[in-house]
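As structure tokens, the structure follows; a few thoughts come after it.
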Amino acid sequence: MNYRAIRAIYLFEMARTWRTLLQSIVSPVVSTSLYFVVFGAAIGSRITEVEGVSYGTFIVPGLVMLSVLTQSISNASFGIYFPKFAGTIYEILSAPISYLEIVIGYVGAAATKSIILGLIILATAGLFVPLHIQHPVWMLTFLVLTAVTFSLFGFIIGIWADGFEKLQMIPMLVVTPLTFLGGSFYSVNMLPSGWRTITLFNPVVYLISGFRWSFYEIADVSVGLSLGMTAGFLIACLMIVAWIFRTGYRLKN
Amino acid sequence: MSPIISVSNLSKTYGSGFKALKGINLDINRGEIFALLGPNGAGKTTLISIICGIANPSEGRIAIGGHDIIRDYRAARSMIGLVPQELHTDAFESVWATVSFSRGLFGKPKNPDHIEKVLKDLSLWDKKDNKIITLSGGMKRRVMIAKALSHEPQILFLDEPTAGVDVELRKGMWEVVRTLQASGVTIILTTHYIEEAEEMADRIGVINKGEIILIEDKATLMQKLGKKQLTLQLQNKLDAIPSALAAYNLELSDDGHAVTYDYDTKGDRTGITSLLSDLRNAGIRISDLDTKQSSLEDIFVSLVRQV
């Protein structure tokens with residue numbers, strides 16, 4: 001293992017995070033606060049409780065997931081897309097590093113950033129509603145698994161994208177709708193049964209459900225299923241990344 | 001001594017079916033400066049990209065210091081520093097950070113003294129904290145060279161290093177290249193400027209349409225280039241060269257109004273003085289004269305045209 005190379009990529013990417021601190025950290029925190037004002041305070045005053053938890057409290061795990069998902073994808077996709085766009089990828093490709101090391105560096109940095117962000121959002125939420133986390137270890141497990149999985153997914157998008165439009169397309173057209181329809185702001189059980197069945201095809205439901213369970217022990221689907229689905233998606237992403245590097249897809253002629 | 005780079009039977013066909021390289025065989029000797037010349041699209045950059053791991057070969061094999069570039073890529077790539085043709089740099093990083101990054105990427109432990117030396121050699125030391133985006137094109141080029149040298153490579157590839165670089169900077173760059181060579185680094189450069197190849201290289205290779213059409217020691221090549229040609233315009237038409245002048249191997253033009261004389265500038269005597277006095281003795285009057293040197297450029301152009 002070329003640990004120094006992993007470290008170099010990781011620190012390079014983290015340096016980018018600190019340099020763009022405003023976009024990276026501040027803007028998601030601001031938008032989360034806005035969600036709290038709109039959903040928590042305005043709408044939440046009409047919906048008093050969901051499954052025994054006050055509405056403001058209920059939406060916290062979903063909000064954290066919403067940010068972690070979108071940030072993981074955008075961090076990782078931009079992280080690898082930009083060297084391709086600027087041409088600096090030549091150096092990565094000509095360096096004595098394996099594909100696995102490249103992935104660990106880029107995906108590790110993107111996931112770290114979104115985990116930090118998730119925790120900041122959680123802390124922000126704590127300013128609005130009282131927080132109680134029943135299973136902190138599981139909470140962190142879901143957080144890390146989700147961040148890593150979606151950073152991998154973002155890495156794939158970043159390699160696939162050959163223009164800024166494509167870079168935005170998947171997050172805008174697929175991920176954001178799936179997250180909004182994945183039970184961030186409501187319990188899937190609140191939906192009519194037909195819609196509920198359709199919703200169960202949405203992978204994000206399992207992430208949010210498992211994450212929410214670690215907070216309040218309430219879940220739309222069983223925790224084991226949540227964990228299994230997340231792990232399944234992680235493995236799928238790993239397989240695609242392995243294929244990308246084996247074939248040199250969009251990286252090497 | 002075994003060559004430091006050994007390319008055997010290398011071919012590259014792109015997905016579009018375009019054959020960029022056709023059965024290249026090339027050995028680079030340890031410690032030499034090798035200049036690769038060729039017109040645009042000849043395959044220079046493709047060849048370098050494959051050696052450095054940026055593109056995949058379609059056929060053939062390459063060994064760097066005995067290490068196969070695919071099976072043993074870590075050992076092979078560790079030896080190489082690459083400065084590509086295009087100015088691909090980060091924008092918002094500082095010079096120091098980007099050069100240190102490269103060293104880490106190549107798995108070398110931190111060594112601020114070495115980075116400092118590289119930056120000083122390339123006159124970048126006072127810019128070390130500047131963001132790359134604020135630098136001029138020539139400075140960015142030097143930053144890329146610094147990145148390539150950050151991990152102390154044994155082989156340095158310079159793909160068109162002086163494209164868009166002013167004369168002053170070019171001189172400085174060649175000084176760095178010579179110092180590197182003196183320290184044992186092997187250097188492969190591609191260039192459009194034939195004078196540069198003449199000035200810098202130990203050996204010269206010419207590539208055209210994916211094939212190497214000439215590899216020669218510069219000294220041998222320069223001997224061929226030492227030839228000059230003197231053309232004399234005559235006042236009066238001449239029907240034949242007088243026998244008194246036969247020793248000069250003069251050539252009479254078709255219209256009989258000019259003669260040409262080939263001579264070697266590297267020789268002790270060019271024979272021009274005696275030729276001129278013999279011409280006067282023969283009663284031939286000269287209205288004008290002109291000399292022309294066959295340059296590497298001429299050889300290059302004629303080679304490339306032949307194929």
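Simple scheme: letters A, B, ... for chains in structure tokens order, numbers from 1 for residues in each chain, numbers from 1 for ligands in the order shown.
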
Taking a cut-off of 10 Å and counting only C-alpha atoms, can you build a table that, for each residue of chain B near chain A, reports the nearest atom pair and how far apart they are in Å (one decimal), sorted by chain then residue number, as CSV?
residue,atom,partner,partner_atom,distance
B:Lys12,CA,A:Asn253,CA,9.6
B:Thr13,CA,A:Asn253,CA,9.4
B:Tyr14,CA,A:Asn253,CA,7.0
B:Gly15,CA,A:Asn253,CA,7.9
B:Thr46,CA,A:Asn253,CA,9.8
B:Ser49,CA,A:Ser94,CA,8.5
B:Ile50,CA,A:Asn253,CA,9.4
B:Ile51,CA,A:Ser94,CA,9.1
B:Cys52,CA,A:Ser94,CA,5.4
B:Gly53,CA,A:Ser94,CA,5.1
B:Ile54,CA,A:Leu93,CA,5.4
B:Ala55,CA,A:Asn253,CA,5.1
B:Asn56,CA,A:Asn253,CA,6.1
B:Pro57,CA,A:Asn253,CA,8.8
B:Ser58,CA,A:Asn253,CA,9.8
B:Asp72,CA,A:Pro96,CA,9.6
B:Tyr73,CA,A:Pro96,CA,6.5
B:Arg74,CA,A:Pro96,CA,4.3
B:Ala75,CA,A:Pro96,CA,7.2
B:Ala76,CA,A:Pro96,CA,7.8
B:Arg77,CA,A:Pro96,CA,5.3
B:Ser78,CA,A:Pro96,CA,5.7
B:Met79,CA,A:Pro96,CA,9.2
B:Ile80,CA,A:Ser94,CA,8.5
B:Gly81,CA,A:Ser94,CA,8.6
B:Leu82,CA,A:Ser94,CA,7.9
B:Val83,CA,A:Glu91,CA,9.2
B:Pro84,CA,A:Tyr90,CA,8.2
B:Glu86,CA,A:Gly87,CA,8.3
B:Leu87,CA,A:Gly87,CA,8.3
B:His88,CA,A:Gly87,CA,5.1
B:Thr89,CA,A:Thr88,CA,5.9
B:Asp90,CA,A:Thr88,CA,6.9
B:Ala91,CA,A:Ala86,CA,8.9
B:Phe92,CA,A:Arg16,CA,8.6
B:Glu93,CA,A:Arg16,CA,8.5
B:Ala97,CA,A:Phe12,CA,8.5
B:Thr98,CA,A:Phe12,CA,8.7
B:Ser100,CA,A:Ala8,CA,8.5
B:Phe101,CA,A:Ala8,CA,5.7
B:Ser102,CA,A:Glu91,CA,7.8
B:Arg103,CA,A:Ala5,CA,8.4
B:Gly104,CA,A:Ala5,CA,5.2
B:Leu105,CA,A:Ala5,CA,4.0
B:Phe106,CA,A:Ala95,CA,5.6
B:Gly107,CA,A:Arg4,CA,5.0
B:Lys108,CA,A:Arg4,CA,7.0
B:Pro109,CA,A:Arg4,CA,7.3
B:Lys110,CA,A:Arg4,CA,9.2
B:Lys147,CA,A:Glu91,CA,9.2
B:Ala148,CA,A:Glu91,CA,8.9

Just-selected residues, C-alpha atoms written as a PDB file, in the first residue's frame:
ATOM      1  CA  LYS B  12      -1.678   1.660 -30.006  1.00  0.00           C
ATOM      2  CA  THR B  13      -5.037   1.601 -31.709  1.00  0.00           C
ATOM      3  CA  TYR B  14      -7.683   3.944 -30.362  1.00  0.00           C
ATOM      4  CA  GLY B  15     -11.307   2.937 -30.014  1.00  0.00           C
ATOM      5  CA  THR B  46       0.712   8.923 -27.164  1.00  0.00           C
ATOM      6  CA  SER B  49       1.388   8.668 -22.212  1.00  0.00           C
ATOM      7  CA  ILE B  50       1.678   4.911 -22.551  1.00  0.00           C
ATOM      8  CA  ILE B  51       5.147   4.805 -20.988  1.00  0.00           C
ATOM      9  CA  CYS B  52       3.910   6.875 -18.050  1.00  0.00           C
ATOM     10  CA  GLY B  53       0.713   4.887 -17.467  1.00  0.00           C
ATOM     11  CA  ILE B  54      -1.827   7.445 -18.689  1.00  0.00           C
ATOM     12  CA  ALA B  55      -2.926   5.384 -21.675  1.00  0.00           C
ATOM     13  CA  ASN B  56      -3.041   1.651 -22.203  1.00  0.00           C
ATOM     14  CA  PRO B  57      -0.915  -0.041 -24.871  1.00  0.00           C
ATOM     15  CA  SER B  58      -2.752  -2.172 -27.432  1.00  0.00           C
ATOM     16  CA  ASP B  72       5.255  -3.963 -11.945  1.00  0.00           C
ATOM     17  CA  TYR B  73       3.706  -0.509 -12.310  1.00  0.00           C
ATOM     18  CA  ARG B  74       4.666   0.781  -8.894  1.00  0.00           C
ATOM     19  CA  ALA B  75       8.393   0.258  -9.381  1.00  0.00           C
ATOM     20  CA  ALA B  76       8.225   1.468 -12.980  1.00  0.00           C
ATOM     21  CA  ARG B  77       6.236   4.641 -12.329  1.00  0.00           C
ATOM     22  CA  SER B  78       8.246   5.578  -9.218  1.00  0.00           C
ATOM     23  CA  MET B  79      11.218   6.187 -11.494  1.00  0.00           C
ATOM     24  CA  ILE B  80       9.450   8.618 -13.797  1.00  0.00           C
ATOM     25  CA  GLY B  81       8.655  12.303 -13.597  1.00  0.00           C
ATOM     26  CA  LEU B  82       6.310  13.590 -16.295  1.00  0.00           C
ATOM     27  CA  VAL B  83       5.789  17.146 -17.506  1.00  0.00           C
ATOM     28  CA  PRO B  84       2.915  17.021 -19.987  1.00  0.00           C
ATOM     29  CA  GLU B  86      -0.662  21.085 -21.663  1.00  0.00           C
ATOM     30  CA  LEU B  87      -0.554  23.354 -18.631  1.00  0.00           C
ATOM     31  CA  HIS B  88      -2.585  21.181 -16.291  1.00  0.00           C
ATOM     32  CA  THR B  89      -2.300  22.695 -12.837  1.00  0.00           C
ATOM     33  CA  ASP B  90      -4.468  23.144  -9.818  1.00  0.00           C
ATOM     34  CA  ALA B  91      -5.739  26.666  -9.500  1.00  0.00           C
ATOM     35  CA  PHE B  92      -6.195  27.499  -5.840  1.00  0.00           C
ATOM     36  CA  GLU B  93      -3.382  25.514  -4.297  1.00  0.00           C
ATOM     37  CA  ALA B  97       1.364  22.638  -1.519  1.00  0.00           C
ATOM     38  CA  THR B  98       1.004  21.319  -5.054  1.00  0.00           C
ATOM     39  CA  SER B 100       4.571  18.635  -1.901  1.00  0.00           C
ATOM     40  CA  PHE B 101       1.386  16.847  -2.953  1.00  0.00           C
ATOM     41  CA  SER B 102       3.182  15.338  -5.937  1.00  0.00           C
ATOM     42  CA  ARG B 103       5.939  14.009  -3.726  1.00  0.00           C
ATOM     43  CA  GLY B 104       3.407  12.338  -1.445  1.00  0.00           C
ATOM     44  CA  LEU B 105       1.530  10.897  -4.404  1.00  0.00           C
ATOM     45  CA  PHE B 106       4.691   9.143  -5.495  1.00  0.00           C
ATOM     46  CA  GLY B 107       5.054   7.641  -2.044  1.00  0.00           C
ATOM     47  CA  LYS B 108       8.134   9.552  -0.962  1.00  0.00           C
ATOM     48  CA  PRO B 109       8.531  10.747   2.640  1.00  0.00           C
ATOM     49  CA  LYS B 110       8.388  14.481   3.229  1.00  0.00           C
ATOM     50  CA  LYS B 147       6.045  18.689  -9.478  1.00  0.00           C
ATOM     51  CA  ALA B 148       7.724  16.166 -11.750  1.00  0.00           C
TER      52      ALA B 148
END

query: Just asking: which residues within range 101-229 of chain A are alpha helix (DSSP H) according to DSSP, as a VMD selection string?
result: chain A and resid 101 to 128 136 to 160 164 to 170 176 to 180 193 to 199 203 to 216 223 to 229

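Between Gln71 in chain A and the residues A:Phe180, A:Phe150, A:Trp195, A:Phe245, the shortest atom-to-atom distance, using only C-alpha atoms, involves A:Phe150.
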
query: Mind pulling up the distance from CA of Ser151 in chain A to CA of Gly126 in chain A?
result: 25.8 Å

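Our summary of the geometry notes that CA of Gln233 in chain B is positioned 9.3 Å from CA of Gly256 in chain B.
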
- request: Write out as a ChimeraX atom specification all residues of range 166-229 of chain B that DSSP puts in strand (DSSP E or B) for this structure's backbone.
  value: /B:186-191,203-208,211-217,227-229

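Around range 184-193 of chain B, within 6 Å and counting only C-alpha atoms, the residues found are Arg30, Gly31, Glu32, Ile33, Phe34, Ala35, Leu36, Leu37, Gln154, Ile155, Leu156, Phe157, Leu158, Asp159 and Glu160 of chain B, once anything fewer than 6 positions away on its own chain is removed.
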
- prompt: Between CA of Glu251 in chain B and CA of Tyr263 in chain B, what is the distance, to one decimal in Å?
  reply: 12.5 Å

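Within the 6 Å cut-off around range 200-214 of chain A, using only C-alpha atoms and omitting residues fewer than 6 positions from it on the same chain, the listed residues are Pro61, Gly62, Gln134, His135, Trp138, Met139, Phe142, Thr179, Gly182, Asp220, Val223 and Ser226 of chain A.
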